[in-house]
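Student: Have a look at this one before I ask anything.
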Amino acid sequence: MAWSPDKTEVKSWNEWDTLRHVIVGRADDCHIPPEEPALDAKVPEDSDMRGQWGRRPQETIDRANELLDNFADQLRKRDIKVDRPVSIDHAQPVTTPDFHTDSQFGCMPPRDVLLTVGREMLEATMSYRCRWFEYLNYRPLLKQYWEEDPRFRHEAAPKPRLTDADYHPDYLSEKIGDAKRLEWAAEKFFVTTEEEPLFDAADVLRFGKDLVVQHGFTTNLKGIEWLRRHFPDHRVHTVNFPGDPYPIHIDATFTPLRPGLIVNNPQRRLPEDQREMFNKNGWDIVDAAQPAHNTPPPLCYSSTWLSMNVLVLDPKTVCVEKSEVYQAEQMDKLGMEVVEVELRDAYAFGGGLHCCTADVYRDGDCEDYFP
Ligand code: ARG
């Protein structure tokens, strides 16, 4: 049965089939959280964010919301249904029997928290203490989907304890330096330990029957093993990108555009020994174009490679950030129609066009692209 806007249905098996229904995040009440182990390891050493925390300046929240609202309208004009989360009070501290932190993060970006696999949406464990309750921003939507779609499976991964045992103290020093970080990344020595399963949803890419998961700061091997046991009908693959000194979230590193084609960050190439499934099945992995900017915007966690954090609307159409002219040009050459979306002033809130969305429905079924 074809998708209809009048009926709620959750289903999405990959990153590229025709998008019909999506969640777009909000910048409301976003905070720069206080120091904590996993977050400190990720904030770049030369970042303007080191040492400060609190609610983000209101004018930056307003500007990011303006851009996110416009993006939502652009999608609606293309007949894509758009839902928005309901912000909780992120100034509230997070206290569990195991840890305390003085504030939360925000309801951006949804891609980090919600993993849609087929008819299921899975709330990730998360690995930052400040993001422990972030799923609550999405609960009103998930509750609604559950009530309206009898086939929807709402799942939540076991909440982690996030005691100090979850983090390697080596990563807590102020100045580690990129050389050391790259050495550690090559050895797969990341800030998170193997104390318990940890994963962020944005470390997972969906290729039908195959799930490709980045092992790094936010997802550990036990997290990947947890996903493997949770999705017994899928093949779950672990990947690493040793060129990334701050490996969190796969979507500014490895971006599938359609069956057979992936754009890969040229500073974070997938190692040869992890390419077999793609090579054997005739997939092309091409270097992404250079970002148009030399530096990220102020108070931003991410690198300039949000240039390749694109949202695929269907196998021929892709949303690219408006100022990312080189990335847009490359998409055009790769045969994609480019939809320009202005978002750069929202990057500081946790990411680009792929990050700030979460799939609810895409056409298509679960296919085996790597038989
Ligand atoms: N780690 C990436 C970079 O800085 C940013 C990824 C953001 N993705 C996300 N889903 N929040 O290049």
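Residues in the structure tokens are named by chain (A, B, ... in the order shown) and by number from 1 within that chain; ligands are numbered from 1 in the order shown.
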Extract, using only C-alpha atoms, all DNA, RNA and protein residues at most 6 Å from Cys130 in chain A, discarding same-chain residues fewer than 2 positions from it, and format them as a list in words.
Tutor: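 These residues fall inside the cut-off: Gln104, Phe105, Tyr128 and Trp132 of chain A.
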Student: Please identify all protein, DNA and RNA residues within 6 Å of ligand 1, counting only C-alpha atoms and all ligand atoms, and report them as number ranges by chain.
Tutor: A: 109, 111-112, 202, 247-249, 251-252, 302-303, 305-306, 350-351, 355
Student: Now that the selection is made, can you save its residues with N, CA and C atoms as an mmCIF file, in the first residue's frame?
Tutor:
data_model
loop_
_atom_site.group_PDB
_atom_site.id
_atom_site.type_symbol
_atom_site.label_atom_id
_atom_site.label_comp_id
_atom_site.auth_asym_id
_atom_site.auth_seq_id
_atom_site.Cartn_x
_atom_site.Cartn_y
_atom_site.Cartn_z
ATOM 1 N N PRO A 109 20.744 17.199 17.962
ATOM 2 C CA PRO A 109 20.065 16.767 16.758
ATOM 3 C C PRO A 109 19.384 15.410 16.966
ATOM 4 N N ARG A 111 18.927 12.932 15.074
ATOM 5 C CA ARG A 111 19.599 11.764 14.469
ATOM 6 C C ARG A 111 20.472 11.038 15.480
ATOM 7 N N ASP A 112 20.963 11.778 16.489
ATOM 8 C CA ASP A 112 21.867 11.170 17.467
ATOM 9 C C ASP A 112 21.138 10.199 18.390
ATOM 10 N N ALA A 202 23.483 8.133 15.725
ATOM 11 C CA ALA A 202 24.141 8.727 14.561
ATOM 12 C C ALA A 202 25.458 8.036 14.199
ATOM 13 N N PRO A 247 36.460 10.947 16.722
ATOM 14 C CA PRO A 247 35.435 10.157 16.009
ATOM 15 C C PRO A 247 34.105 10.037 16.753
ATOM 16 N N ILE A 248 33.196 10.928 16.418
ATOM 17 C CA ILE A 248 31.825 10.746 16.889
ATOM 18 C C ILE A 248 30.874 10.966 15.722
ATOM 19 N N HIS A 249 29.955 10.059 15.559
ATOM 20 C CA HIS A 249 28.887 10.126 14.550
ATOM 21 C C HIS A 249 29.460 9.986 13.139
ATOM 22 N N ASP A 251 28.106 10.530 10.238
ATOM 23 C CA ASP A 251 27.482 11.199 9.093
ATOM 24 C C ASP A 251 28.171 12.470 8.582
ATOM 25 N N ALA A 252 29.392 12.744 9.051
ATOM 26 C CA ALA A 252 30.213 13.754 8.378
ATOM 27 C C ALA A 252 31.466 13.053 7.840
ATOM 28 N N SER A 302 31.281 20.506 15.943
ATOM 29 C CA SER A 302 31.612 19.709 14.759
ATOM 30 C C SER A 302 32.726 20.366 13.959
ATOM 31 N N SER A 303 33.242 19.610 13.001
ATOM 32 C CA SER A 303 34.285 20.113 12.119
ATOM 33 C C SER A 303 33.636 20.749 10.887
ATOM 34 N N TRP A 305 33.537 19.535 8.185
ATOM 35 C CA TRP A 305 33.031 18.464 7.317
ATOM 36 C C TRP A 305 31.520 18.245 7.426
ATOM 37 N N LEU A 306 30.844 19.113 8.165
ATOM 38 C CA LEU A 306 29.374 19.067 8.084
ATOM 39 C C LEU A 306 28.940 19.375 6.649
ATOM 40 N N GLY A 350 24.584 21.161 17.002
ATOM 41 C CA GLY A 350 24.867 19.734 16.994
ATOM 42 C C GLY A 350 24.995 19.119 15.612
ATOM 43 N N GLY A 351 24.870 19.916 14.567
ATOM 44 C CA GLY A 351 25.137 19.285 13.278
ATOM 45 C C GLY A 351 24.395 19.862 12.099
ATOM 46 N N CYS A 355 22.075 15.315 10.487
ATOM 47 C CA CYS A 355 21.977 15.277 11.955
ATOM 48 C C CYS A 355 20.649 15.809 12.468
#
Student: Contacts of Trp53 in chain A at 12 Å or less, counting only C-alpha atoms, minus same-chain residues fewer than 3 places along, as an NGL selection string?
Tutor: :A and (30-36 or 39-40 or 48-50 or 56-57 or 91 or 101-105 or 130 or 299)
Student: What does the file look like for those residues with N, CA and C atoms, as a compact mmCIF listing (two decimals), in the first residue's frame?
Tutor:
# COMPACT_ATOMS: atom_id res chain seq x y z
N CYS A 30 18.56 25.08 24.05
CA CYS A 30 19.80 24.29 23.96
C CYS A 30 20.87 24.88 24.89
N HIS A 31 21.60 23.99 25.51
CA HIS A 31 22.66 24.38 26.45
C HIS A 31 24.02 23.89 25.99
N ILE A 32 25.03 24.63 26.37
CA ILE A 32 26.39 24.08 26.34
C ILE A 32 26.54 23.41 27.69
N PRO A 33 26.68 22.10 27.73
CA PRO A 33 26.68 21.41 29.02
C PRO A 33 27.99 21.59 29.77
N PRO A 34 27.93 21.41 31.09
CA PRO A 34 29.16 21.49 31.88
C PRO A 34 30.13 20.37 31.51
N GLU A 35 31.33 20.47 32.02
CA GLU A 35 32.34 19.45 31.70
C GLU A 35 31.91 18.07 32.18
N GLU A 36 32.23 17.09 31.38
CA GLU A 36 32.05 15.68 31.76
C GLU A 36 32.95 14.88 30.83
N LEU A 39 32.23 14.26 26.85
CA LEU A 39 32.07 15.51 26.12
C LEU A 39 33.41 16.24 26.00
N ASP A 40 34.16 16.27 27.10
CA ASP A 40 35.46 16.95 27.06
C ASP A 40 36.37 16.33 26.02
N ASP A 48 36.50 27.39 21.03
CA ASP A 48 36.05 28.50 21.87
C ASP A 48 35.06 28.04 22.96
N MET A 49 34.71 26.73 22.93
CA MET A 49 33.73 26.25 23.90
C MET A 49 34.35 25.75 25.19
N ARG A 50 35.66 25.52 25.15
CA ARG A 50 36.32 24.95 26.33
C ARG A 50 36.12 25.85 27.54
N ARG A 56 22.62 28.55 25.71
CA ARG A 56 23.18 29.26 24.56
C ARG A 56 22.53 30.64 24.43
N PRO A 57 23.25 31.62 23.90
CA PRO A 57 22.68 32.97 23.77
C PRO A 57 21.37 32.94 22.98
N ALA A 91 17.67 23.11 31.33
CA ALA A 91 18.43 23.67 32.45
C ALA A 91 18.39 22.72 33.65
N THR A 101 25.04 15.67 36.69
CA THR A 101 25.59 16.76 35.89
C THR A 101 24.60 17.91 35.91
N ASP A 102 25.12 19.14 35.81
CA ASP A 102 24.30 20.30 36.14
C ASP A 102 23.33 20.77 35.05
N SER A 103 23.52 20.32 33.80
CA SER A 103 22.50 20.68 32.82
C SER A 103 22.45 19.63 31.71
N GLN A 104 21.49 19.81 30.83
CA GLN A 104 21.33 18.89 29.69
C GLN A 104 21.83 19.57 28.42
N PHE A 105 21.44 19.03 27.27
CA PHE A 105 22.04 19.43 26.00
C PHE A 105 21.03 20.18 25.14
N CYS A 130 24.99 14.38 29.95
CA CYS A 130 24.05 15.48 29.70
C CYS A 130 22.97 15.10 28.67
N LEU A 299 31.16 28.40 18.70
CA LEU A 299 30.53 27.50 19.69
C LEU A 299 29.99 26.21 19.07
Student: Hey, what's within 7 Å of range 142-149 of chain A if we count only C-alpha atoms and toss same-chain stuff fewer than 4 positions away? As a ChimeraX atom specification, please?
Tutor: /A:8-9,138,154
Student: List as an MDAnalysis selection string the protein and nucleic acid residues near range 283-297 of chain A, meaning an atom at most 7 Å away when only C-alpha atoms are counted, but skip any in the same chain fewer than 4 places from it.
Tutor: chainID A and resid 260:266 278:279 302:305 307:308 323:327 330 348
Student: Pick out the closest residue to Lys42 in chain A from this set: A:Arg181, A:Arg269, A:His230, A:Lys77. Count only C-alpha atoms.
Tutor: A:Arg181
Student: Which residues are close to Asp210 in chain A, i.e. within 7 Å by only C-alpha atoms, leaving aside same-chain residues fewer than 5 positions away? Reply as a list in words.
Tutor: His234, Arg235 and Val236 of chain A
Student: Suppose we keep N, CA and C atoms; can you now write the selection as a compact mmCIF listing (two decimals), in the first residue's frame?
Tutor:
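Writing done, so here's result-v2.txt:
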# COMPACT_ATOMS: atom_id res chain seq x y z
N HIS A 234 19.55 -8.62 10.74
CA HIS A 234 20.48 -7.75 10.03
C HIS A 234 21.91 -8.29 10.14
N ARG A 235 22.76 -7.83 9.20
CA ARG A 235 24.19 -8.01 9.36
C ARG A 235 24.74 -6.68 9.88
N VAL A 236 25.43 -6.73 10.98
CA VAL A 236 25.95 -5.50 11.60
C VAL A 236 27.46 -5.45 11.40
